[in-house]
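As structure tokens, the structure follows; a few thoughts come after it.
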Amino acid sequence: MKALVKTKADKGLELIDVPMPEVGVNDVLIKIYKTAICGTDLHIWNWDPWAQQTIPVGMHVGHEFCGVIERVGSAVTEYKPGDVVSGEGHIVCGHCRNCRKGLFHLCPNTKGVGVNREGCFAEYLCIPQNNVIRIHKDMPMEIASILDPLGNATHTALSWDLVGEDVLITGAGLIGSMAAAVCKKAGAKSVTITDVSDYKLNLARIMGADRTVNVISGDSIAAAREDLEIAEGYGVCLEMSGAPACLKDIITHSAYGANISLLGIQPGGSGIDWNTFVWKGLKMKGIYGREMFGTWQKMDAMLRSGLDVSPIITHRLHYTDFKEGFEVMNSGKSGKVVLTWAE
């Protein structure tokens with residue numbers, strides 16, 4: 001089968017032939033129809049220090065997908081050939097402290113599809129049946145292929161009660177923009193989102209943000225608060241950028257007793273005014289992946305009841321044009337890029 005493989009310790013991927021996956025008794029073999037390029041895939045493509053330390057040369061990558069089950073292992077009971085599916089890309093051990101408590105997303109032994117094991121940028125993918133997500137017949141495959149990052153946005157946003165709240169999102173990347181849509185769907189009174197890119201901020205506005213703030217072009221969060229009549233600060237804050245300055249903005253503009261979700265990965269040595277954090281009585285939650293599998297159920301319910309995330313997909317390409325897809329992602333002038341593997 002064809003797959004996008006990290007064939008050498010350098011920038012890029014190559015489309016080459018690889019062996020078909022072996023299907024174990026508890027596994028499901030999926031024929032891939034749609035995949036989406038993730039920020040993690042961009043790190044792998046660019047071969048940055050994280051990728052160099054993490055990704056084995058010779059592995060095919062990718063973890064955002066939708067496809068159709070081709071074959072199932074002898075012990076698989078919940079799925080059958082012909083089912084349209086996506087999947088949770090975090091494969092957990094099942095026996096650690098957190099797994100036994102049902103906190104699968106916090107398993108310290110997690111293996112990532114397309115990171116620690118073969119990924120979905122290929123004609124076929126094999127994953128355990130426990131990781132398979134059945135897709136409703138009315139959901140377009142391209143939307144199903146971006147449920148992984150939508151899950152990050154959903155987990156980040158729905159960690160708090162949003163009804164009637166003013167929300168501040170720092171970082172208008174793909175997940176931040178989808179979080180804006182989730183917040184509005186979940187009843188937020190207003191959503192303000194910040195970034196340094198007008199392109200990304202415009203996409204966030206399309207996704208439902210009420211106010212956008214370009215923090216390097218003279219806009220200010222204070223002005224957005226004044227326009228929205230937010231006198232006491234934002235009740236819910238979602239940090240999506242990984243920029244220390246953005247986390248400081250959140251501490252400054254949060255209301256007393258505000259709830260903060262931290263998805264962005266902060267660099268070493270970054271810090272905040274912890275005294276203000278204490279005096280304001282703030283609460284902060286670190287976000288990793290999706291809550292398995294409650295987040296998936298919430299996403300499905302919101303999408304089937306009208307949540308529209310389709311504007312986040314800005315480029316649709318055949319998988320043989322993958323280089324163009326990674327180039328446009330690197331340019332910063334795209335939303336999600338979806339690759340078609342089968343029709």
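Just remember, in the structure tokens the first chain shown is A, the second B, etc., residues are 1-based per chain, and ligands are 1-based in the order shown.
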
Distance query Leu15 (chain A) at most 8 Å, only C-alpha atoms, self and fewer than 5 positions along chain excluded, as JSON, numbers by chain: {"A": [2, 3, 4, 5, 320]}

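Minimum distance to Phe65 (chain A) across A:Lys34, A:Lys80, A:Lys111, A:Lys323 (counting only C-alpha atoms) occurs at A:Lys34.
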
Excluding same-chain residues fewer than 3 positions from region 131-137 of chain A, what lies within 10 Å of it counting only C-alpha atoms, as a ChimeraX atom specification? /A:27-28,30,66-69,78-79,83-92,126-128,140-141,144,147,292-293,296-297,300,304

How about saving the chosen residues, N, CA and C atoms kept, as a short mmCIF file (atom, residue, chain, number, x, y, z; two decimals), in the first residue's frame?
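After the write, out-v9.cif holds the following:
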data_model
loop_
_atom_site.label_atom_id
_atom_site.label_comp_id
_atom_site.auth_asym_id
_atom_site.auth_seq_id
_atom_site.Cartn_x
_atom_site.Cartn_y
_atom_site.Cartn_z
N ASP A 27 -8.19 -6.24 16.58
CA ASP A 27 -7.94 -5.08 15.73
C ASP A 27 -8.98 -4.91 14.63
N VAL A 28 -9.00 -3.69 14.11
CA VAL A 28 -9.87 -3.34 13.00
C VAL A 28 -9.00 -2.74 11.89
N ILE A 30 -8.87 -0.51 8.63
CA ILE A 30 -9.68 0.56 8.07
C ILE A 30 -9.08 1.02 6.74
N CYS A 66 -10.73 9.48 8.54
CA CYS A 66 -12.01 8.80 8.45
C CYS A 66 -11.89 7.75 7.35
N GLY A 67 -12.54 6.62 7.55
CA GLY A 67 -12.48 5.56 6.57
C GLY A 67 -13.58 4.55 6.75
N VAL A 68 -13.44 3.42 6.08
CA VAL A 68 -14.43 2.35 6.10
C VAL A 68 -13.75 1.06 6.52
N ILE A 69 -14.37 0.35 7.45
CA ILE A 69 -13.78 -0.90 7.92
C ILE A 69 -13.71 -1.91 6.79
N GLU A 78 -18.07 -5.41 18.07
CA GLU A 78 -18.87 -4.19 17.96
C GLU A 78 -18.88 -3.58 16.57
N TYR A 79 -17.99 -4.02 15.70
CA TYR A 79 -17.85 -3.40 14.40
C TYR A 79 -17.82 -4.47 13.31
N ASP A 83 -18.61 -0.45 7.99
CA ASP A 83 -18.88 0.64 8.93
C ASP A 83 -17.97 1.83 8.61
N VAL A 84 -18.55 3.03 8.61
CA VAL A 84 -17.76 4.27 8.47
C VAL A 84 -17.28 4.67 9.85
N VAL A 85 -15.97 4.88 9.98
CA VAL A 85 -15.40 5.10 11.31
C VAL A 85 -14.28 6.14 11.28
N SER A 86 -14.02 6.70 12.44
CA SER A 86 -12.80 7.42 12.74
C SER A 86 -12.19 6.70 13.94
N GLY A 87 -11.29 7.37 14.66
CA GLY A 87 -10.71 6.68 15.80
C GLY A 87 -9.95 7.60 16.73
N GLU A 88 -9.91 7.21 17.99
CA GLU A 88 -9.09 7.88 19.00
C GLU A 88 -7.64 7.46 18.80
N GLY A 89 -6.77 8.44 18.62
CA GLY A 89 -5.38 8.16 18.30
C GLY A 89 -4.49 7.83 19.47
N HIS A 90 -5.02 7.92 20.70
CA HIS A 90 -4.24 7.58 21.89
C HIS A 90 -4.58 6.15 22.31
N ILE A 91 -3.62 5.27 22.20
CA ILE A 91 -3.82 3.87 22.56
C ILE A 91 -3.22 3.65 23.93
N VAL A 92 -4.06 3.28 24.89
CA VAL A 92 -3.67 3.26 26.30
C VAL A 92 -3.43 1.82 26.77
N CYS A 126 -4.54 0.15 10.88
CA CYS A 126 -5.02 -0.88 11.80
C CYS A 126 -4.92 -0.34 13.23
N ILE A 127 -6.05 -0.35 13.97
CA ILE A 127 -6.07 0.08 15.37
C ILE A 127 -6.94 -0.88 16.19
N PRO A 128 -6.75 -0.90 17.51
CA PRO A 128 -7.59 -1.74 18.36
C PRO A 128 -9.06 -1.33 18.29
N PRO A 140 -20.42 14.20 7.10
CA PRO A 140 -19.48 14.10 5.98
C PRO A 140 -18.14 13.54 6.44
N MET A 141 -17.52 12.75 5.57
CA MET A 141 -16.24 12.14 5.94
C MET A 141 -15.17 13.17 6.23
N ALA A 144 -15.60 14.17 9.73
CA ALA A 144 -15.17 13.07 10.59
C ALA A 144 -13.65 12.98 10.68
N LEU A 147 -12.22 15.21 13.68
CA LEU A 147 -12.78 15.08 15.02
C LEU A 147 -11.70 15.07 16.10
N MET A 292 -11.65 10.31 27.11
CA MET A 292 -12.06 9.11 26.39
C MET A 292 -13.11 8.35 27.22
N PHE A 293 -14.36 8.34 26.71
CA PHE A 293 -14.75 8.77 25.37
C PHE A 293 -15.88 9.79 25.46
N TRP A 296 -15.85 12.57 22.79
CA TRP A 296 -16.36 12.14 21.48
C TRP A 296 -17.88 12.18 21.46
N GLN A 297 -18.51 11.77 22.54
CA GLN A 297 -19.98 11.78 22.60
C GLN A 297 -20.51 13.21 22.56
N ASP A 300 -20.13 14.58 18.94
CA ASP A 300 -21.13 14.00 18.06
C ASP A 300 -22.48 14.67 18.28
N ARG A 304 -24.41 16.96 15.45
CA ARG A 304 -25.72 16.51 14.96
C ARG A 304 -26.83 17.48 15.33
#

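The shortest atom-to-atom distance to Gly264 (chain A), with only C-alpha atoms taken into account, belongs to A:Glu239 out of A:Glu70, A:Asp308, A:Asp249, A:Glu239.
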
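Between CA of Gly332 (chain A) and CA of Leu42 (chain A) lies a distance of 11.3 Å.
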
Could you give me, as number ranges by chain, the residues within 9 Å of Pro21 (chain A), counting only C-alpha atoms and dropping anything in the same chain fewer than 3 positions from it? A: 18, 29, 118, 124-126

Expected file contents, prior selection, N, CA and C atoms, as a PDB file, in the first residue's frame:
ATOM      1  N   VAL A  18       4.583   0.501   1.358  1.00  0.00           N
ATOM      2  CA  VAL A  18       4.893  -0.133   2.641  1.00  0.00           C
ATOM      3  C   VAL A  18       4.030  -1.388   2.769  1.00  0.00           C
ATOM      4  N   LEU A  29      -9.152  -3.261  10.677  1.00  0.00           N
ATOM      5  CA  LEU A  29      -8.429  -2.730   9.523  1.00  0.00           C
ATOM      6  C   LEU A  29      -9.348  -1.756   8.792  1.00  0.00           C
ATOM      7  N   GLU A 118       2.504   3.092  13.563  1.00  0.00           N
ATOM      8  CA  GLU A 118       2.144   3.475  12.203  1.00  0.00           C
ATOM      9  C   GLU A 118       0.853   4.287  12.171  1.00  0.00           C
ATOM     10  N   TYR A 124      -4.325   2.169   4.283  1.00  0.00           N
ATOM     11  CA  TYR A 124      -4.990   1.387   5.327  1.00  0.00           C
ATOM     12  C   TYR A 124      -4.359   1.688   6.682  1.00  0.00           C
ATOM     13  N   LEU A 125      -5.196   1.597   7.732  1.00  0.00           N
ATOM     14  CA  LEU A 125      -4.754   1.780   9.109  1.00  0.00           C
ATOM     15  C   LEU A 125      -5.339   0.658   9.958  1.00  0.00           C
ATOM     16  N   CYS A 126      -4.545   0.147  10.876  1.00  0.00           N
ATOM     17  CA  CYS A 126      -5.016  -0.882  11.802  1.00  0.00           C
ATOM     18  C   CYS A 126      -4.922  -0.338  13.229  1.00  0.00           C
TER      19      CYS A 126
END

Please run DSSP on the backbone and report, as a compact mmCIF listing (two decimals) with all heavy atoms, in the first residue's frame, all residues within region 84-291 of chain A that come out as strand (DSSP E).
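Output file states12.txt follows:
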# COMPACT_ATOMS: atom_id res chain seq x y z
N VAL A 84 -18.55 3.03 8.61
CA VAL A 84 -17.76 4.27 8.47
C VAL A 84 -17.28 4.67 9.85
O VAL A 84 -18.08 4.80 10.79
CB VAL A 84 -18.60 5.39 7.84
CG1 VAL A 84 -17.77 6.67 7.72
CG2 VAL A 84 -19.11 4.96 6.46
N VAL A 85 -15.97 4.88 9.98
CA VAL A 85 -15.40 5.10 11.31
C VAL A 85 -14.28 6.14 11.28
O VAL A 85 -13.68 6.42 10.24
CB VAL A 85 -14.83 3.79 11.91
CG1 VAL A 85 -15.93 2.76 12.11
CG2 VAL A 85 -13.72 3.22 11.04
N SER A 86 -14.02 6.70 12.44
CA SER A 86 -12.80 7.42 12.74
C SER A 86 -12.19 6.70 13.94
O SER A 86 -12.54 5.54 14.20
CB SER A 86 -13.06 8.89 13.02
OG SER A 86 -11.85 9.60 13.22
N GLY A 87 -11.29 7.37 14.66
CA GLY A 87 -10.71 6.68 15.80
C GLY A 87 -9.95 7.60 16.73
O GLY A 87 -9.44 8.65 16.32
N HIS A 90 -5.02 7.92 20.70
CA HIS A 90 -4.24 7.58 21.89
C HIS A 90 -4.58 6.15 22.31
O HIS A 90 -5.71 5.87 22.73
CB HIS A 90 -4.53 8.56 23.03
CG HIS A 90 -4.01 9.93 22.76
ND1 HIS A 90 -4.54 11.06 23.34
CD2 HIS A 90 -3.02 10.37 21.96
CE1 HIS A 90 -3.88 12.13 22.92
NE2 HIS A 90 -2.95 11.73 22.08
N ILE A 91 -3.62 5.27 22.20
CA ILE A 91 -3.82 3.87 22.56
C ILE A 91 -3.22 3.65 23.93
O ILE A 91 -2.01 3.84 24.14
CB ILE A 91 -3.19 2.95 21.50
CG1 ILE A 91 -3.92 3.17 20.16
CG2 ILE A 91 -3.29 1.49 21.93
CD1 ILE A 91 -3.32 2.43 19.00
N LYS A 111 0.40 5.31 23.72
CA LYS A 111 1.11 5.26 22.45
C LYS A 111 0.26 5.97 21.41
O LYS A 111 -0.95 5.71 21.30
CB LYS A 111 1.36 3.82 22.00
CG LYS A 111 2.18 2.99 22.99
CD LYS A 111 3.58 3.54 23.16
CE LYS A 111 4.40 2.69 24.12
NZ LYS A 111 5.74 3.28 24.39
N GLY A 112 0.87 6.87 20.66
CA GLY A 112 0.13 7.68 19.70
C GLY A 112 0.18 7.14 18.30
O GLY A 112 1.27 6.85 17.78
N TYR A 124 -4.32 2.17 4.28
CA TYR A 124 -4.99 1.39 5.33
C TYR A 124 -4.36 1.69 6.68
O TYR A 124 -3.17 1.99 6.78
CB TYR A 124 -4.89 -0.12 5.05
CG TYR A 124 -5.67 -0.57 3.84
CD1 TYR A 124 -5.09 -0.59 2.58
CD2 TYR A 124 -7.00 -0.98 3.97
CE1 TYR A 124 -5.82 -0.99 1.46
CE2 TYR A 124 -7.73 -1.39 2.86
CZ TYR A 124 -7.13 -1.39 1.61
OH TYR A 124 -7.86 -1.79 0.51
N LEU A 125 -5.20 1.60 7.73
CA LEU A 125 -4.75 1.78 9.11
C LEU A 125 -5.34 0.66 9.96
O LEU A 125 -6.51 0.29 9.78
CB LEU A 125 -5.23 3.13 9.66
CG LEU A 125 -5.01 3.39 11.16
CD1 LEU A 125 -3.53 3.57 11.45
CD2 LEU A 125 -5.82 4.59 11.62
N CYS A 126 -4.54 0.15 10.88
CA CYS A 126 -5.02 -0.88 11.80
C CYS A 126 -4.92 -0.34 13.23
O CYS A 126 -3.85 0.11 13.65
CB CYS A 126 -4.17 -2.15 11.66
SG CYS A 126 -4.78 -3.53 12.62
N ILE A 127 -6.05 -0.35 13.97
CA ILE A 127 -6.07 0.08 15.37
C ILE A 127 -6.94 -0.88 16.19
O ILE A 127 -7.76 -1.60 15.62
CB ILE A 127 -6.61 1.53 15.53
CG1 ILE A 127 -8.03 1.66 14.96
CG2 ILE A 127 -5.66 2.54 14.91
CD1 ILE A 127 -8.69 3.01 15.23
N PRO A 128 -6.75 -0.90 17.51
CA PRO A 128 -7.59 -1.74 18.36
C PRO A 128 -9.06 -1.33 18.29
O PRO A 128 -9.38 -0.14 18.13
CB PRO A 128 -7.02 -1.51 19.77
CG PRO A 128 -5.65 -0.98 19.56
CD PRO A 128 -5.71 -0.19 18.29
N VAL A 132 -11.87 2.59 18.08
CA VAL A 132 -12.68 2.92 16.90
C VAL A 132 -13.89 3.76 17.31
O VAL A 132 -14.53 3.52 18.33
CB VAL A 132 -13.14 1.62 16.20
CG1 VAL A 132 -14.10 1.93 15.06
CG2 VAL A 132 -11.92 0.85 15.68
N ILE A 133 -14.20 4.76 16.49
CA ILE A 133 -15.37 5.62 16.69
C ILE A 133 -16.28 5.49 15.47
O ILE A 133 -15.87 5.83 14.36
CB ILE A 133 -14.97 7.10 16.86
CG1 ILE A 133 -13.96 7.27 18.01
CG2 ILE A 133 -16.20 7.97 17.06
CD1 ILE A 133 -14.52 6.99 19.38
N ARG A 134 -17.50 4.99 15.68
CA ARG A 134 -18.44 4.87 14.56
C ARG A 134 -18.97 6.25 14.19
O ARG A 134 -19.31 7.05 15.06
CB ARG A 134 -19.57 3.93 14.93
CG ARG A 134 -20.53 3.64 13.76
CD ARG A 134 -21.63 2.66 14.14
NE ARG A 134 -21.15 1.28 14.17
CZ ARG A 134 -20.93 0.58 15.27
NH1 ARG A 134 -21.14 1.13 16.47
NH2 ARG A 134 -20.52 -0.67 15.22
N ASP A 166 -18.59 35.24 29.59
CA ASP A 166 -17.69 35.90 28.64
C ASP A 166 -16.40 35.09 28.60
O ASP A 166 -15.79 34.83 29.64
CB ASP A 166 -17.40 37.33 29.07
CG ASP A 166 -18.64 38.21 29.01
OD1 ASP A 166 -19.22 38.34 27.92
OD2 ASP A 166 -19.03 38.76 30.06
N VAL A 167 -15.99 34.70 27.39
CA VAL A 167 -14.85 33.79 27.21
C VAL A 167 -13.72 34.52 26.49
O VAL A 167 -13.95 35.20 25.48
CB VAL A 167 -15.26 32.54 26.42
CG1 VAL A 167 -14.07 31.61 26.21
CG2 VAL A 167 -16.40 31.80 27.12
N LEU A 168 -12.50 34.33 27.00
CA LEU A 168 -11.30 34.83 26.33
C LEU A 168 -10.49 33.63 25.85
O LEU A 168 -10.15 32.75 26.64
CB LEU A 168 -10.46 35.68 27.29
CG LEU A 168 -9.08 36.12 26.77
CD1 LEU A 168 -9.22 37.03 25.55
CD2 LEU A 168 -8.28 36.81 27.88
N ILE A 169 -10.18 33.60 24.54
CA ILE A 169 -9.34 32.56 23.96
C ILE A 169 -8.07 33.23 23.46
O ILE A 169 -8.12 34.17 22.66
CB ILE A 169 -10.04 31.84 22.79
CG1 ILE A 169 -11.35 31.22 23.25
CG2 ILE A 169 -9.13 30.77 22.19
CD1 ILE A 169 -12.18 30.62 22.12
N THR A 170 -6.92 32.77 23.92
CA THR A 170 -5.65 33.30 23.42
C THR A 170 -5.03 32.27 22.48
O THR A 170 -4.68 31.17 22.88
CB THR A 170 -4.69 33.62 24.58
OG1 THR A 170 -4.58 32.48 25.45
CG2 THR A 170 -5.19 34.80 25.39
N SER A 190 -20.28 35.79 25.19
CA SER A 190 -19.41 36.39 24.18
C SER A 190 -18.10 35.63 24.14
O SER A 190 -17.71 34.99 25.11
CB SER A 190 -19.14 37.87 24.49
OG SER A 190 -18.25 37.99 25.61
N VAL A 191 -17.42 35.72 22.98
CA VAL A 191 -16.10 35.11 22.81
C VAL A 191 -15.16 36.15 22.21
O VAL A 191 -15.43 36.71 21.14
CB VAL A 191 -16.13 33.87 21.90
CG1 VAL A 191 -14.72 33.36 21.64
CG2 VAL A 191 -16.99 32.76 22.52
N THR A 192 -14.07 36.42 22.92
CA THR A 192 -12.98 37.26 22.42
C THR A 192 -11.79 36.35 22.15
O THR A 192 -11.46 35.50 22.98
CB THR A 192 -12.58 38.33 23.45
OG1 THR A 192 -13.71 39.15 23.74
CG2 THR A 192 -11.44 39.19 22.94
N ILE A 193 -11.13 36.53 21.01
CA ILE A 193 -9.99 35.69 20.68
C ILE A 193 -8.82 36.55 20.20
O ILE A 193 -9.02 37.55 19.51
CB ILE A 193 -10.37 34.63 19.62
CG1 ILE A 193 -9.28 33.56 19.46
CG2 ILE A 193 -10.71 35.27 18.28
CD1 ILE A 193 -9.74 32.32 18.72
N THR A 194 -7.61 36.19 20.61
CA THR A 194 -6.42 36.96 20.27
C THR A 194 -5.46 36.14 19.44
O THR A 194 -5.41 34.91 19.52
CB THR A 194 -5.69 37.45 21.53
OG1 THR A 194 -5.02 36.33 22.16
CG2 THR A 194 -6.64 38.07 22.53
N ASP A 195 -4.65 36.84 18.64
CA ASP A 195 -3.59 36.19 17.87
C ASP A 195 -2.72 37.31 17.28
O ASP A 195 -2.94 38.49 17.53
CB ASP A 195 -4.18 35.31 16.75
CG ASP A 195 -3.23 34.19 16.33
OD1 ASP A 195 -2.32 34.44 15.53
OD2 ASP A 195 -3.38 33.06 16.85
N ARG A 211 -15.35 39.10 19.10
CA ARG A 211 -14.30 40.11 18.97
C ARG A 211 -12.98 39.42 18.72
O ARG A 211 -12.66 38.39 19.32
CB ARG A 211 -14.17 40.96 20.25
CG ARG A 211 -15.35 41.88 20.51
CD ARG A 211 -15.39 43.03 19.49
NE ARG A 211 -16.43 43.99 19.82
CZ ARG A 211 -17.72 43.85 19.51
NH1 ARG A 211 -18.12 42.76 18.87
NH2 ARG A 211 -18.60 44.78 19.83
N THR A 212 -12.19 39.99 17.80
CA THR A 212 -10.84 39.49 17.53
C THR A 212 -9.84 40.59 17.86
O THR A 212 -10.10 41.77 17.63
CB THR A 212 -10.67 39.06 16.06
OG1 THR A 212 -10.93 40.17 15.20
CG2 THR A 212 -11.61 37.91 15.72
N VAL A 213 -8.71 40.18 18.41
CA VAL A 213 -7.69 41.13 18.87
C VAL A 213 -6.34 40.71 18.30
O VAL A 213 -5.81 39.65 18.66
CB VAL A 213 -7.62 41.17 20.41
CG1 VAL A 213 -6.49 42.08 20.88
CG2 VAL A 213 -8.95 41.61 21.01
N ASN A 214 -5.80 41.53 17.40
CA ASN A 214 -4.43 41.31 16.93
C ASN A 214 -3.50 42.04 17.89
O ASN A 214 -3.43 43.27 17.88
CB ASN A 214 -4.25 41.81 15.50
CG ASN A 214 -2.90 41.43 14.92
OD1 ASN A 214 -1.89 41.42 15.61
ND2 ASN A 214 -2.87 41.08 13.64
N TYR A 234 -13.08 38.27 32.22
CA TYR A 234 -13.62 37.09 31.57
C TYR A 234 -13.79 35.95 32.58
O TYR A 234 -12.87 35.64 33.34
CB TYR A 234 -12.72 36.65 30.43
CG TYR A 234 -12.66 37.63 29.29
CD1 TYR A 234 -11.68 38.63 29.26
CD2 TYR A 234 -13.59 37.57 28.27
CE1 TYR A 234 -11.64 39.55 28.22
CE2 TYR A 234 -13.55 38.50 27.21
CZ TYR A 234 -12.58 39.47 27.20
OH TYR A 234 -12.54 40.38 26.17
N GLY A 235 -14.95 35.30 32.54
CA GLY A 235 -15.22 34.23 33.49
C GLY A 235 -14.58 32.90 33.12
O GLY A 235 -14.34 32.05 33.99
N VAL A 236 -14.34 32.69 31.82
CA VAL A 236 -13.67 31.49 31.33
C VAL A 236 -12.59 31.90 30.35
O VAL A 236 -12.82 32.73 29.45
CB VAL A 236 -14.66 30.52 30.64
CG1 VAL A 236 -13.92 29.33 30.03
CG2 VAL A 236 -15.73 30.03 31.63
N CYS A 237 -11.39 31.34 30.52
CA CYS A 237 -10.26 31.68 29.66
C CYS A 237 -9.62 30.40 29.13
O CYS A 237 -9.38 29.46 29.90
CB CYS A 237 -9.21 32.50 30.41
SG CYS A 237 -9.84 34.02 31.15
N LEU A 238 -9.35 30.36 27.82
CA LEU A 238 -8.77 29.19 27.18
C LEU A 238 -7.44 29.58 26.55
O LEU A 238 -7.42 30.38 25.60
CB LEU A 238 -9.72 28.64 26.11
CG LEU A 238 -11.20 28.50 26.50
CD1 LEU A 238 -12.01 27.97 25.31
CD2 LEU A 238 -11.37 27.60 27.71
N GLU A 239 -6.34 29.06 27.05
CA GLU A 239 -5.02 29.40 26.52
C GLU A 239 -4.62 28.34 25.49
O GLU A 239 -4.36 27.19 25.82
CB GLU A 239 -3.99 29.44 27.65
CG GLU A 239 -2.81 30.38 27.37
CD GLU A 239 -2.09 30.11 26.06
OE1 GLU A 239 -1.35 29.12 25.98
OE2 GLU A 239 -2.27 30.91 25.11
N SER A 254 -8.75 38.06 33.48
CA SER A 254 -9.72 37.12 34.03
C SER A 254 -10.48 37.78 35.18
O SER A 254 -9.97 38.65 35.88
CB SER A 254 -9.01 35.87 34.55
OG SER A 254 -8.05 36.21 35.54
N ALA A 255 -11.70 37.33 35.36
CA ALA A 255 -12.49 37.79 36.50
C ALA A 255 -12.03 37.07 37.77
O ALA A 255 -11.38 36.03 37.71
CB ALA A 255 -13.97 37.49 36.25
N TYR A 256 -12.36 37.61 38.91
CA TYR A 256 -12.10 36.91 40.16
C TYR A 256 -12.88 35.58 40.14
O TYR A 256 -14.06 35.55 39.81
CB TYR A 256 -12.52 37.76 41.36
CG TYR A 256 -11.49 38.80 41.74
CD1 TYR A 256 -11.28 39.93 40.95
CD2 TYR A 256 -10.72 38.64 42.88
CE1 TYR A 256 -10.33 40.88 41.29
CE2 TYR A 256 -9.77 39.60 43.24
CZ TYR A 256 -9.58 40.70 42.44
OH TYR A 256 -8.62 41.63 42.77
N GLY A 257 -12.19 34.50 40.49
CA GLY A 257 -12.82 33.18 40.50
C GLY A 257 -12.96 32.55 39.13
O GLY A 257 -13.68 31.56 38.98
N ALA A 258 -12.28 33.11 38.12
CA ALA A 258 -12.41 32.61 36.75
C ALA A 258 -11.83 31.19 36.60
O ALA A 258 -10.99 30.76 37.40
CB ALA A 258 -11.73 33.55 35.77
N ASN A 259 -12.28 30.51 35.56
CA ASN A 259 -11.80 29.17 35.23
C ASN A 259 -10.92 29.25 33.99
O ASN A 259 -11.29 29.88 32.99
CB ASN A 259 -12.98 28.23 34.96
CG ASN A 259 -13.85 28.05 36.19
OD1 ASN A 259 -13.35 27.79 37.28
ND2 ASN A 259 -15.16 28.20 36.02
N ILE A 260 -9.76 28.58 34.04
CA ILE A 260 -8.77 28.66 32.96
C ILE A 260 -8.44 27.26 32.48
O ILE A 260 -8.12 26.38 33.27
CB ILE A 260 -7.48 29.35 33.45
CG1 ILE A 260 -7.78 30.76 33.95
CG2 ILE A 260 -6.43 29.38 32.34
CD1 ILE A 260 -6.62 31.40 34.71
N SER A 261 -8.51 27.05 31.16
CA SER A 261 -8.02 25.82 30.53
C SER A 261 -6.70 26.13 29.85
O SER A 261 -6.58 27.12 29.11
CB SER A 261 -9.01 25.30 29.50
OG SER A 261 -10.16 24.74 30.10
N LEU A 262 -5.73 25.26 30.06
CA LEU A 262 -4.39 25.46 29.51
C LEU A 262 -4.08 24.32 28.55
O LEU A 262 -3.71 23.22 28.95
CB LEU A 262 -3.36 25.51 30.64
CG LEU A 262 -1.93 25.89 30.28
CD1 LEU A 262 -1.88 27.29 29.69
CD2 LEU A 262 -1.04 25.82 31.52
N LYS A 283 -8.85 29.20 38.96
CA LYS A 283 -8.72 27.75 38.83
C LYS A 283 -8.17 27.45 37.44
O LYS A 283 -8.64 28.02 36.45
CB LYS A 283 -10.06 27.06 39.04
CG LYS A 283 -10.63 27.22 40.44
CD LYS A 283 -11.95 26.50 40.61
CE LYS A 283 -13.08 27.22 39.90
NZ LYS A 283 -13.38 28.54 40.50
N MET A 284 -7.19 26.53 37.36
CA MET A 284 -6.57 26.20 36.08
C MET A 284 -6.54 24.69 35.89
O MET A 284 -6.24 23.94 36.82
CB MET A 284 -5.13 26.76 36.02
CG MET A 284 -4.46 26.57 34.66
SD MET A 284 -2.74 27.16 34.64
CE MET A 284 -2.98 28.91 34.92
N LYS A 285 -6.85 24.26 34.68
CA LYS A 285 -6.85 22.84 34.33
C LYS A 285 -5.98 22.62 33.11
O LYS A 285 -6.15 23.27 32.08
CB LYS A 285 -8.27 22.35 34.04
CG LYS A 285 -8.35 20.89 33.60
CD LYS A 285 -9.79 20.49 33.28
CE LYS A 285 -9.85 19.06 32.75
NZ LYS A 285 -11.25 18.67 32.41
N GLY A 286 -5.01 21.72 33.21
CA GLY A 286 -4.22 21.32 32.05
C GLY A 286 -5.03 20.39 31.17
O GLY A 286 -5.70 19.47 31.66

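CA of Glu14 (chain A) to CA of Phe326 (chain A) spans 12.2 Å [interatomic distance, one decimal].
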
Write out as a PyMOL selection string the set of residues from region 205-331 of chain A that DSSP, computed on the backbone, places in helix (DSSP H, G or I). chain A and resi 205-206+221-228+244-253+274-280+294-304+310-312+319-331

For each of A:Ser145, A:Thr77, A:Ser159, A:Gln266, take the minimum atom-to-atom distance to Gly242 (chain A), counting only C-alpha atoms, then give the residue where this is smallest. A:Gln266

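Between Thr7 (chain A) and the residues A:Ile55, A:Ile175, A:Ala222, A:Met20, the shortest atom-to-atom distance, using only C-alpha atoms, involves A:Ile55.
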
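Between Asp321 (chain A) and the candidates A:Cys107, A:Met1, A:Cys96, A:Leu13, the tightest atom-to-atom separation, counting only C-alpha atoms, involves A:Leu13.
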
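The shell of residues at most 9 Å from region 272-279 of chain A, with only C-alpha atoms counted and near chain neighbours (fewer than 2 positions) removed, consists of Pro244, Ala245, Leu247, Lys248, Ile251, Thr252, Tyr256, Ser270, Gly281, Leu282 and Lys283 of chain A.
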
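The residue that comes closest to Ser197 (chain A), out of A:Thr110, A:Leu158, A:Ser331, A:Phe104 and on the basis of only C-alpha atoms, is A:Ser331.
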
Long-range neighbours of Val338 (chain A) as a list in words, 7 Å cut-off, only C-alpha atoms, 6 positions minimum in chain: Lys34, Thr35, Ala36, Ile37, Glu142, His315, Arg316 and Leu317 of chain A

Polymer residues at most 8 Å from His155 (chain A), only C-alpha atoms, same-chain spacing of 2 or more positions, as number ranges by chain: A: 151-153, 157-159, 287, 289-291, 295
